[in-house]
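The file structure_32.cif comes next; it holds mmCIF, C-alpha atoms, pLDDT in the B column; chains and numbers go by the auth columns.
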data_work
loop_
_atom_site.group_PDB
_atom_site.id
_atom_site.type_symbol
_atom_site.label_atom_id
_atom_site.label_comp_id
_atom_site.label_asym_id
_atom_site.label_seq_id
_atom_site.Cartn_x
_atom_site.Cartn_y
_atom_site.Cartn_z
_atom_site.B_iso_or_equiv
_atom_site.auth_seq_id
_atom_site.auth_asym_id
ATOM 1 C CA MET A 1 103.920 84.811 118.003 87.00 1 I
ATOM 2 C CA LYS A 2 102.529 84.101 121.444 93.00 2 I
ATOM 3 C CA THR A 3 103.768 84.655 124.979 92.00 3 I
ATOM 4 C CA LYS A 4 104.159 81.776 127.424 92.00 4 I
ATOM 5 C CA GLU A 5 100.783 82.880 128.810 94.00 5 I
ATOM 6 C CA ASN A 6 99.296 82.124 125.361 94.00 6 I
ATOM 7 C CA LEU A 7 98.645 85.771 124.485 97.00 7 I
ATOM 8 C CA TRP A 8 99.378 87.182 121.032 97.00 8 I
ATOM 9 C CA LYS A 9 102.394 89.501 121.035 96.00 9 I
ATOM 10 C CA LEU A 10 101.509 92.622 119.059 97.00 10 I
ATOM 11 C CA SER A 11 103.450 95.828 118.454 95.00 11 I
ATOM 12 C CA PRO A 12 102.166 99.190 117.180 96.00 12 I
ATOM 13 C CA SER A 13 104.519 99.151 114.185 92.00 13 I
ATOM 14 C CA GLY A 14 103.148 95.801 112.968 91.00 14 I
ATOM 15 C CA LEU A 15 99.430 96.598 113.085 94.00 15 I
ATOM 16 C CA TYR A 16 99.127 98.049 109.583 92.00 16 I
ATOM 17 C CA GLY A 17 99.831 94.553 108.274 92.00 17 I
ATOM 18 C CA TYR A 18 96.294 93.596 109.268 94.00 18 I
ATOM 19 C CA THR A 19 94.793 96.411 107.196 93.00 19 I
ATOM 20 C CA GLU A 20 97.086 95.673 104.253 93.00 20 I
ATOM 21 C CA CYS A 21 96.490 91.901 104.136 94.00 21 I
ATOM 22 C CA GLN A 22 94.917 89.707 106.797 95.00 22 I
ATOM 23 C CA SER A 23 96.504 86.596 105.286 94.00 23 I
ATOM 24 C CA CYS A 24 100.029 88.010 105.567 92.00 24 I
ATOM 25 C CA PHE A 25 99.230 89.334 109.035 93.00 25 I
ATOM 26 C CA TRP A 26 98.135 85.826 110.074 94.00 26 I
ATOM 27 C CA ALA A 27 101.273 84.226 108.615 92.00 27 I
ATOM 28 C CA ASP A 28 103.636 86.818 110.084 91.00 28 I
ATOM 29 C CA ASN A 29 102.227 86.232 113.569 93.00 29 I
ATOM 30 C CA HIS A 30 101.987 82.438 113.384 93.00 30 I
ATOM 31 C CA PHE A 31 105.510 82.017 111.990 88.00 31 I
ATOM 32 C CA ARG A 32 108.741 83.920 112.363 75.00 32 I
ATOM 33 C CA LYS A 33 109.223 86.673 109.839 73.00 33 I
ATOM 34 C CA ALA A 34 112.071 86.377 107.376 67.00 34 I
ATOM 35 C CA PRO A 35 115.209 88.206 108.599 72.00 35 I
ATOM 36 C CA MET A 36 115.754 91.709 107.227 67.00 36 I
ATOM 37 C CA LEU A 37 118.862 93.788 106.787 64.00 37 I
ATOM 38 C CA PRO A 38 119.067 96.386 109.577 67.00 38 I
ATOM 39 C CA LEU A 39 118.096 99.891 108.460 73.00 39 I
ATOM 40 C CA LEU A 40 121.179 101.496 109.959 73.00 40 I
ATOM 41 C CA LEU A 41 120.784 104.878 108.242 77.00 41 I
ATOM 42 C CA ASN A 42 117.196 105.189 109.495 82.00 42 I
ATOM 43 C CA SER A 43 118.302 104.215 113.004 87.00 43 I
ATOM 44 C CA ALA A 44 121.044 106.835 112.869 90.00 44 I
ATOM 45 C CA MET A 45 118.531 109.470 111.757 90.00 45 I
ATOM 46 C CA ASP A 46 116.208 108.529 114.629 91.00 46 I
ATOM 47 C CA SER A 47 119.060 109.094 117.079 94.00 47 I
ATOM 48 C CA ILE A 48 119.940 112.421 115.452 93.00 48 I
ATOM 49 C CA LEU A 49 116.323 113.592 115.584 95.00 49 I
ATOM 50 C CA LYS A 50 115.849 112.534 119.194 96.00 50 I
ATOM 51 C CA ASN A 51 118.958 114.486 120.167 96.00 51 I
ATOM 52 C CA ARG A 52 117.814 117.472 118.104 96.00 52 I
ATOM 53 C CA PHE A 53 114.347 117.578 119.651 97.00 53 I
ATOM 54 C CA ASP A 54 115.751 116.998 123.150 97.00 54 I
ATOM 55 C CA LYS A 55 118.169 119.908 122.739 97.00 55 I
ATOM 56 C CA TYR A 56 115.232 122.280 122.214 97.00 56 I
ATOM 57 C CA ARG A 57 113.017 120.394 124.679 97.00 57 I
ATOM 58 C CA ALA A 58 115.297 121.544 127.490 95.00 58 I
ATOM 59 C CA ASP A 59 114.030 125.084 126.811 96.00 59 I
ATOM 60 C CA GLY A 60 110.411 124.001 126.310 96.00 60 I
ATOM 61 C CA ALA A 61 110.659 124.615 122.572 97.00 61 I
ATOM 62 C CA PHE A 62 110.760 122.818 119.213 97.00 62 I
ATOM 63 C CA PRO A 63 113.438 122.942 116.494 96.00 63 I
ATOM 64 C CA PRO A 64 112.961 125.927 114.143 95.00 64 I
ATOM 65 C CA GLU A 65 111.574 123.758 111.335 95.00 65 I
ATOM 66 C CA MET A 66 108.758 122.572 113.625 95.00 66 I
ATOM 67 C CA LEU A 67 107.611 125.940 114.981 94.00 67 I
ATOM 68 C CA GLU A 68 104.223 125.289 113.375 95.00 68 I
ATOM 69 C CA LEU A 69 103.531 123.100 116.413 96.00 69 I
ATOM 70 C CA GLU A 70 103.995 126.035 118.770 94.00 70 I
ATOM 71 C CA LYS A 71 101.572 128.105 116.660 94.00 71 I
ATOM 72 C CA MET A 72 98.958 125.419 117.390 96.00 72 I
ATOM 73 C CA ASP A 73 99.617 125.802 121.141 96.00 73 I
ATOM 74 C CA ILE A 74 101.345 122.405 121.285 98.00 74 I
ATOM 75 C CA LYS A 75 104.307 121.918 123.620 97.00 75 I
ATOM 76 C CA PRO A 76 107.030 119.261 123.818 97.00 76 I
ATOM 77 C CA PHE A 77 106.694 116.647 126.543 98.00 77 I
ATOM 78 C CA GLY A 78 109.057 117.893 129.240 96.00 78 I
ATOM 79 C CA GLU A 79 109.745 114.836 131.429 97.00 79 I
ATOM 80 C CA ILE A 80 112.849 113.586 129.642 97.00 80 I
ATOM 81 C CA GLU A 81 113.549 110.631 131.956 97.00 81 I
ATOM 82 C CA LYS A 82 110.040 109.288 131.497 98.00 82 I
ATOM 83 C CA LEU A 83 110.197 109.911 127.743 98.00 83 I
ATOM 84 C CA ASN A 84 113.494 108.038 127.476 97.00 84 I
ATOM 85 C CA ASP A 85 111.942 105.105 129.325 98.00 85 I
ATOM 86 C CA TRP A 86 109.110 105.040 126.778 98.00 86 I
ATOM 87 C CA ARG A 87 111.691 105.266 123.988 97.00 87 I
ATOM 88 C CA GLU A 88 113.980 102.521 125.242 96.00 88 I
ATOM 89 C CA ASN A 89 111.760 100.095 127.170 96.00 89 I
ATOM 90 C CA SER A 90 109.123 98.339 125.064 95.00 90 I
ATOM 91 C CA SER A 91 107.324 97.224 128.237 95.00 91 I
ATOM 92 C CA ALA A 92 107.027 100.695 129.789 97.00 92 I
ATOM 93 C CA LEU A 93 103.569 101.298 128.304 97.00 93 I
ATOM 94 C CA ARG A 94 102.596 97.680 127.718 97.00 94 I
ATOM 95 C CA ILE A 95 98.931 96.666 127.617 97.00 95 I
ATOM 96 C CA VAL A 96 97.985 93.140 128.695 97.00 96 I
ATOM 97 C CA ASP A 97 94.439 92.168 127.717 97.00 97 I
ATOM 98 C CA GLU A 98 93.886 88.607 128.900 97.00 98 I
ATOM 99 C CA LYS A 99 90.176 88.700 128.052 97.00 99 I
ATOM 100 C CA VAL A 100 90.772 89.441 124.368 98.00 100 I
ATOM 101 C CA GLY A 101 94.076 87.581 124.309 97.00 101 I
ATOM 102 C CA TYR A 102 96.931 89.938 123.441 98.00 102 I
ATOM 103 C CA VAL A 103 99.890 91.887 124.761 98.00 103 I
ATOM 104 C CA LEU A 104 100.613 95.201 123.040 98.00 104 I
ATOM 105 C CA SER A 105 104.039 96.730 123.615 97.00 105 I
ATOM 106 C CA GLY A 106 106.428 99.007 121.785 96.00 106 I
ATOM 107 C CA LYS A 107 108.691 102.036 121.874 96.00 107 I
ATOM 108 C CA ILE A 108 107.669 105.553 120.879 97.00 108 I
ATOM 109 C CA ASP A 109 109.855 108.243 119.295 97.00 109 I
ATOM 110 C CA ASP A 110 108.405 111.371 120.852 98.00 110 I
ATOM 111 C CA VAL A 111 105.419 112.846 122.671 98.00 111 I
ATOM 112 C CA LEU A 112 103.810 116.259 122.269 98.00 112 I
ATOM 113 C CA VAL A 113 101.362 117.908 124.658 98.00 113 I
ATOM 114 C CA GLU A 114 98.082 119.739 124.028 98.00 114 I
ATOM 115 C CA ALA A 115 97.369 122.998 125.862 97.00 115 I
ATOM 116 C CA ASP A 116 94.996 121.082 128.159 97.00 116 I
ATOM 117 C CA GLY A 117 97.657 118.463 129.018 97.00 117 I
ATOM 118 C CA ARG A 118 96.541 115.629 126.737 98.00 118 I
ATOM 119 C CA LEU A 119 99.389 113.634 125.197 98.00 119 I
ATOM 120 C CA ILE A 120 99.932 113.557 121.425 98.00 120 I
ATOM 121 C CA PRO A 121 101.869 110.537 120.049 98.00 121 I
ATOM 122 C CA ALA A 122 104.568 111.466 117.526 97.00 122 I
ATOM 123 C CA ASP A 123 106.854 109.420 115.293 96.00 123 I
ATOM 124 C CA TYR A 124 109.930 110.415 113.300 94.00 124 I
ATOM 125 C CA LYS A 125 110.121 109.346 109.660 91.00 125 I
ATOM 126 C CA SER A 126 113.209 109.836 107.525 88.00 126 I
ATOM 127 C CA SER A 127 113.486 109.170 103.805 85.00 127 I
ATOM 128 C CA GLY A 128 115.207 110.106 100.593 80.00 128 I
ATOM 129 C CA ASN A 129 111.912 111.353 99.194 81.00 129 I
ATOM 130 C CA ALA A 130 109.223 113.785 100.292 80.00 130 I
ATOM 131 C CA PRO A 131 106.324 111.902 101.897 81.00 131 I
ATOM 132 C CA ALA A 132 103.467 110.849 99.628 78.00 132 I
ATOM 133 C CA GLU A 133 100.131 112.544 100.266 75.00 133 I
ATOM 134 C CA ASP A 134 98.581 109.329 101.617 76.00 134 I
ATOM 135 C CA LYS A 135 101.585 108.126 103.597 74.00 135 I
ATOM 136 C CA GLN A 136 99.890 108.673 106.958 77.00 136 I
ATOM 137 C CA LYS A 137 97.549 105.726 106.263 82.00 137 I
ATOM 138 C CA TYR A 138 100.469 103.352 106.861 86.00 138 I
ATOM 139 C CA TYR A 139 101.030 104.729 110.349 92.00 139 I
ATOM 140 C CA ALA A 140 97.524 105.560 111.579 95.00 140 I
ATOM 141 C CA ASP A 141 97.135 102.251 113.439 96.00 141 I
ATOM 142 C CA GLN A 142 100.622 102.561 114.923 96.00 142 I
ATOM 143 C CA LEU A 143 99.992 106.050 116.284 97.00 143 I
ATOM 144 C CA ALA A 144 96.498 105.166 117.519 98.00 144 I
ATOM 145 C CA ALA A 145 97.984 102.158 119.322 98.00 145 I
ATOM 146 C CA TYR A 146 100.467 104.431 121.100 98.00 146 I
ATOM 147 C CA GLY A 147 97.537 106.597 122.141 98.00 147 I
ATOM 148 C CA LEU A 148 95.686 103.555 123.461 98.00 148 I
ATOM 149 C CA MET A 149 98.776 102.491 125.418 98.00 149 I
ATOM 150 C CA PHE A 150 98.955 105.927 127.046 98.00 150 I
ATOM 151 C CA SER A 151 95.241 105.855 127.836 98.00 151 I
ATOM 152 C CA LYS A 152 95.356 102.386 129.395 97.00 152 I
ATOM 153 C CA ASN A 153 98.273 103.560 131.539 97.00 153 I
ATOM 154 C CA GLY A 154 96.274 106.454 132.948 97.00 154 I
ATOM 155 C CA TYR A 155 97.309 109.363 130.693 98.00 155 I
ATOM 156 C CA PRO A 156 94.855 111.722 128.954 98.00 156 I
ATOM 157 C CA VAL A 157 95.248 111.398 125.187 98.00 157 I
ATOM 158 C CA SER A 158 94.507 113.722 122.273 98.00 158 I
ATOM 159 C CA ASP A 159 92.487 112.711 119.221 97.00 159 I
ATOM 160 C CA ARG A 160 95.414 113.567 116.965 97.00 160 I
ATOM 161 C CA ALA A 161 98.967 112.399 116.407 98.00 161 I
ATOM 162 C CA TYR A 162 101.817 113.611 114.206 97.00 162 I
ATOM 163 C CA LEU A 163 104.383 112.176 111.821 95.00 163 I
ATOM 164 C CA LEU A 164 107.543 114.278 111.841 94.00 164 I
ATOM 165 C CA HIS A 165 109.004 113.739 108.362 91.00 165 I
ATOM 166 C CA TYR A 166 112.589 114.521 107.395 91.00 166 I
ATOM 167 C CA PHE A 167 113.720 113.909 103.826 88.00 167 I
ATOM 168 C CA VAL A 168 116.621 114.763 101.527 85.00 168 I
ATOM 169 C CA LYS A 169 116.094 118.234 100.084 85.00 169 I
ATOM 170 C CA ASP A 170 118.088 117.759 96.871 78.00 170 I
ATOM 171 C CA LYS A 171 119.215 114.288 95.793 78.00 171 I
ATOM 172 C CA ASN A 172 121.195 115.817 92.911 76.00 172 I
ATOM 173 C CA ASP A 173 123.421 117.804 95.252 78.00 173 I
ATOM 174 C CA GLY A 174 126.794 116.065 95.414 76.00 174 I
ATOM 175 C CA ALA A 175 127.807 117.644 98.722 72.00 175 I
ATOM 176 C CA ILE A 176 128.692 115.192 101.500 74.00 176 I
ATOM 177 C CA ASP A 177 126.802 117.406 103.980 81.00 177 I
ATOM 178 C CA VAL A 178 123.275 116.337 103.112 77.00 178 I
ATOM 179 C CA THR A 179 120.544 118.921 103.645 84.00 179 I
ATOM 180 C CA PHE A 180 117.173 117.742 104.904 85.00 180 I
ATOM 181 C CA ASP A 181 113.764 119.299 104.520 89.00 181 I
ATOM 182 C CA SER A 182 110.866 118.586 106.884 92.00 182 I
ATOM 183 C CA HIS A 183 107.125 118.096 106.840 90.00 183 I
ATOM 184 C CA LEU A 184 104.556 117.863 109.618 93.00 184 I
ATOM 185 C CA ASP A 185 101.792 115.333 108.990 93.00 185 I
ATOM 186 C CA LEU A 186 98.590 115.326 111.049 95.00 186 I
ATOM 187 C CA VAL A 187 97.116 111.873 111.757 95.00 187 I
ATOM 188 C CA PRO A 188 93.688 111.739 113.457 96.00 188 I
ATOM 189 C CA ILE A 189 93.435 108.859 115.945 97.00 189 I
ATOM 190 C CA ASP A 190 90.414 107.084 117.412 97.00 190 I
ATOM 191 C CA LEU A 191 91.149 105.047 120.545 97.00 191 I
ATOM 192 C CA GLY A 192 87.816 103.251 120.485 97.00 192 I
ATOM 193 C CA ALA A 193 88.330 102.210 116.877 97.00 193 I
ATOM 194 C CA ILE A 194 91.848 100.850 117.425 97.00 194 I
ATOM 195 C CA GLU A 195 90.722 98.963 120.533 97.00 195 I
ATOM 196 C CA GLN A 196 87.976 97.258 118.509 97.00 196 I
ATOM 197 C CA LYS A 197 90.444 96.616 115.690 97.00 197 I
ATOM 198 C CA LEU A 198 92.728 94.768 118.107 98.00 198 I
ATOM 199 C CA VAL A 199 89.777 92.551 119.025 97.00 199 I
ATOM 200 C CA ASP A 200 89.233 91.847 115.327 97.00 200 I
ATOM 201 C CA MET A 201 92.940 91.128 114.801 97.00 201 I
ATOM 202 C CA VAL A 202 92.998 88.549 117.567 98.00 202 I
ATOM 203 C CA ALA A 203 89.880 86.915 116.141 98.00 203 I
ATOM 204 C CA VAL A 204 91.664 86.520 112.802 97.00 204 I
ATOM 205 C CA LEU A 205 94.798 85.153 114.479 97.00 205 I
ATOM 206 C CA ASN A 206 92.750 82.629 116.459 97.00 206 I
ATOM 207 C CA GLY A 207 91.059 81.373 113.296 97.00 207 I
ATOM 208 C CA PRO A 208 92.381 79.304 110.390 96.00 208 I
ATOM 209 C CA TYR A 209 94.663 80.740 107.710 94.00 209 I
ATOM 210 C CA PRO A 210 92.459 83.141 105.677 94.00 210 I
ATOM 211 C CA GLY A 211 93.838 81.834 102.382 93.00 211 I
ATOM 212 C CA ILE A 212 95.774 83.526 99.619 92.00 212 I
ATOM 213 C CA ASN A 213 94.682 87.102 99.042 92.00 213 I
ATOM 214 C CA GLU A 214 94.758 87.654 95.290 91.00 214 I
ATOM 215 C CA ASP A 215 94.791 91.424 95.815 92.00 215 I
ATOM 216 C CA CYS A 216 98.057 91.172 97.780 92.00 216 I
ATOM 217 C CA ASP A 217 101.310 91.227 95.800 91.00 217 I
ATOM 218 C CA LYS A 218 103.125 89.373 98.563 88.00 218 I
ATOM 219 C CA CYS A 219 100.540 86.578 98.693 89.00 219 I
ATOM 220 C CA THR A 220 100.475 86.110 94.908 87.00 220 I
ATOM 221 C CA TYR A 221 104.276 86.181 94.740 85.00 221 I
ATOM 222 C CA TYR A 222 104.683 83.357 97.240 78.00 222 I
ATOM 223 C CA ALA A 223 101.781 81.423 95.712 78.00 223 I
ATOM 224 C CA GLY A 224 103.344 81.607 92.265 70.00 224 I
ATOM 225 C CA ARG A 225 106.746 80.694 93.624 63.00 225 I
ATOM 226 C CA SER A 226 105.277 77.682 95.438 59.00 226 I
ATOM 227 C CA GLU A 227 103.551 76.509 92.256 58.00 227 I
ATOM 228 C CA ALA A 228 106.775 76.855 90.266 56.00 228 I
ATOM 229 C CA ILE A 229 108.722 74.794 92.824 55.00 229 I
ATOM 230 C CA THR A 230 106.183 71.949 92.912 56.00 230 I
ATOM 231 C CA LYS A 231 105.998 71.592 89.108 54.00 231 I
#
Is it possible to give me this structure as structure tokens?
Amino acid sequence: MKTKENLWKLSPSGLYGYTECQSCFWADNHFRKAPMLPLLLNSAMDSILKNRFDKYRADGAFPPEMLELEKMDIKPFGEIEKLNDWRENSSALRIVDEKVGYVLSGKIDDVLVEADGRLIPADYKSSGNAPAEDKQKYYADQLAAYGLMFSKNGYPVSDRAYLLHYFVKDKNDGAIDVTFDSHLDLVPIDLGAIEQKLVDMVAVLNGPYPGINEDCDKCTYYAGRSEAITK
């Protein structure tokens, strides 16, 4: 959708749609997306993880399961009021690019810090399953976009980001107190590449509908459904 200033409204979490299918990305931004059930358990886990990381942040440390970060000379971002603003206010790090024609805004889960002070975007992910080996590909654009938002707002940014995965350790355990395991996932980010990709995204959005993508399950599903209805 567009702002009243006729700029495309983009969010970091929605950028992978362009990589997955340009046709669906075009449709999702030209029309309202279908409503979805709220992911209340995921939202609850995000709140739990934020509180957990903040508890240790007060001492300049990470939770025990994430001590690997400290071994890499990475520190937690210590300015909690600023971090909470970035977490709660989608406009706090907003980028407005009138020349290209977009507004990029969104909320971030957490921020880590390199030894030299550069910021490292981080995102919590919770699931019932251990993360797949290639799962980071779904979030690379999102994390790079956070990095670009920091950079455009005057902050030095690392060339890496992290997914902080938490998943159910044993789904066969009938205990009501669920035990979670964790996994740290490195995601390289390239600010120049994501900035160019945003230019390409806007070019697609400003053009005509790309047409049904036969390699996209979502496109072929709706195409087949439309054909069935019109018969």
Resolved residues for the PyMOL selection byres ((chain I and resi 63) around 12) as number ranges by chain | I: 49-62, 64-70, 75-76, 164, 182
Using only C-alpha atoms, which of I:Val204, I:Met72, I:Cys219, I:Val199 sits nearest Glu98 of chain I?
->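 Of the candidates, the smallest distance to Glu98 of chain I is held by I:Val199.
Candidate residues I:Ile189, I:Val111, I:Leu163, I:Val202 were compared for distance to Lys2 of chain I, and the nearest is I:Val202, using only C-alpha atoms.
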Separation of atom CA of Val157 of chain I from atom CA of Ala203 of chain I in Å |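 Separation between atom CA of Ala203 of chain I and atom CA of Val157 of chain I: 26.6 Å.
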Translate the PyMOL selection byres ((chain I and resi 16) around 10), as applied to the file shown, into an explicit residue set as a PyMOL selection string.
-> chain I and resi 12-15+17-22+25+137-142
Rounded to one decimal place, report the atom CA of Asp170 of chain I-atom CA of Gln136 of chain I distance in Å.
->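 Interatomic distance here is 22.7 Å.
Atom CA of Ser47 of chain I is found 24.0 Å from atom CA of Gly174 of chain I.
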Identify all residues satisfying the PyMOL selection byres ((chain I and resi 130) around 6) in the given file; provide them as a ChimeraX atom specification.
-> /I:129,131,167
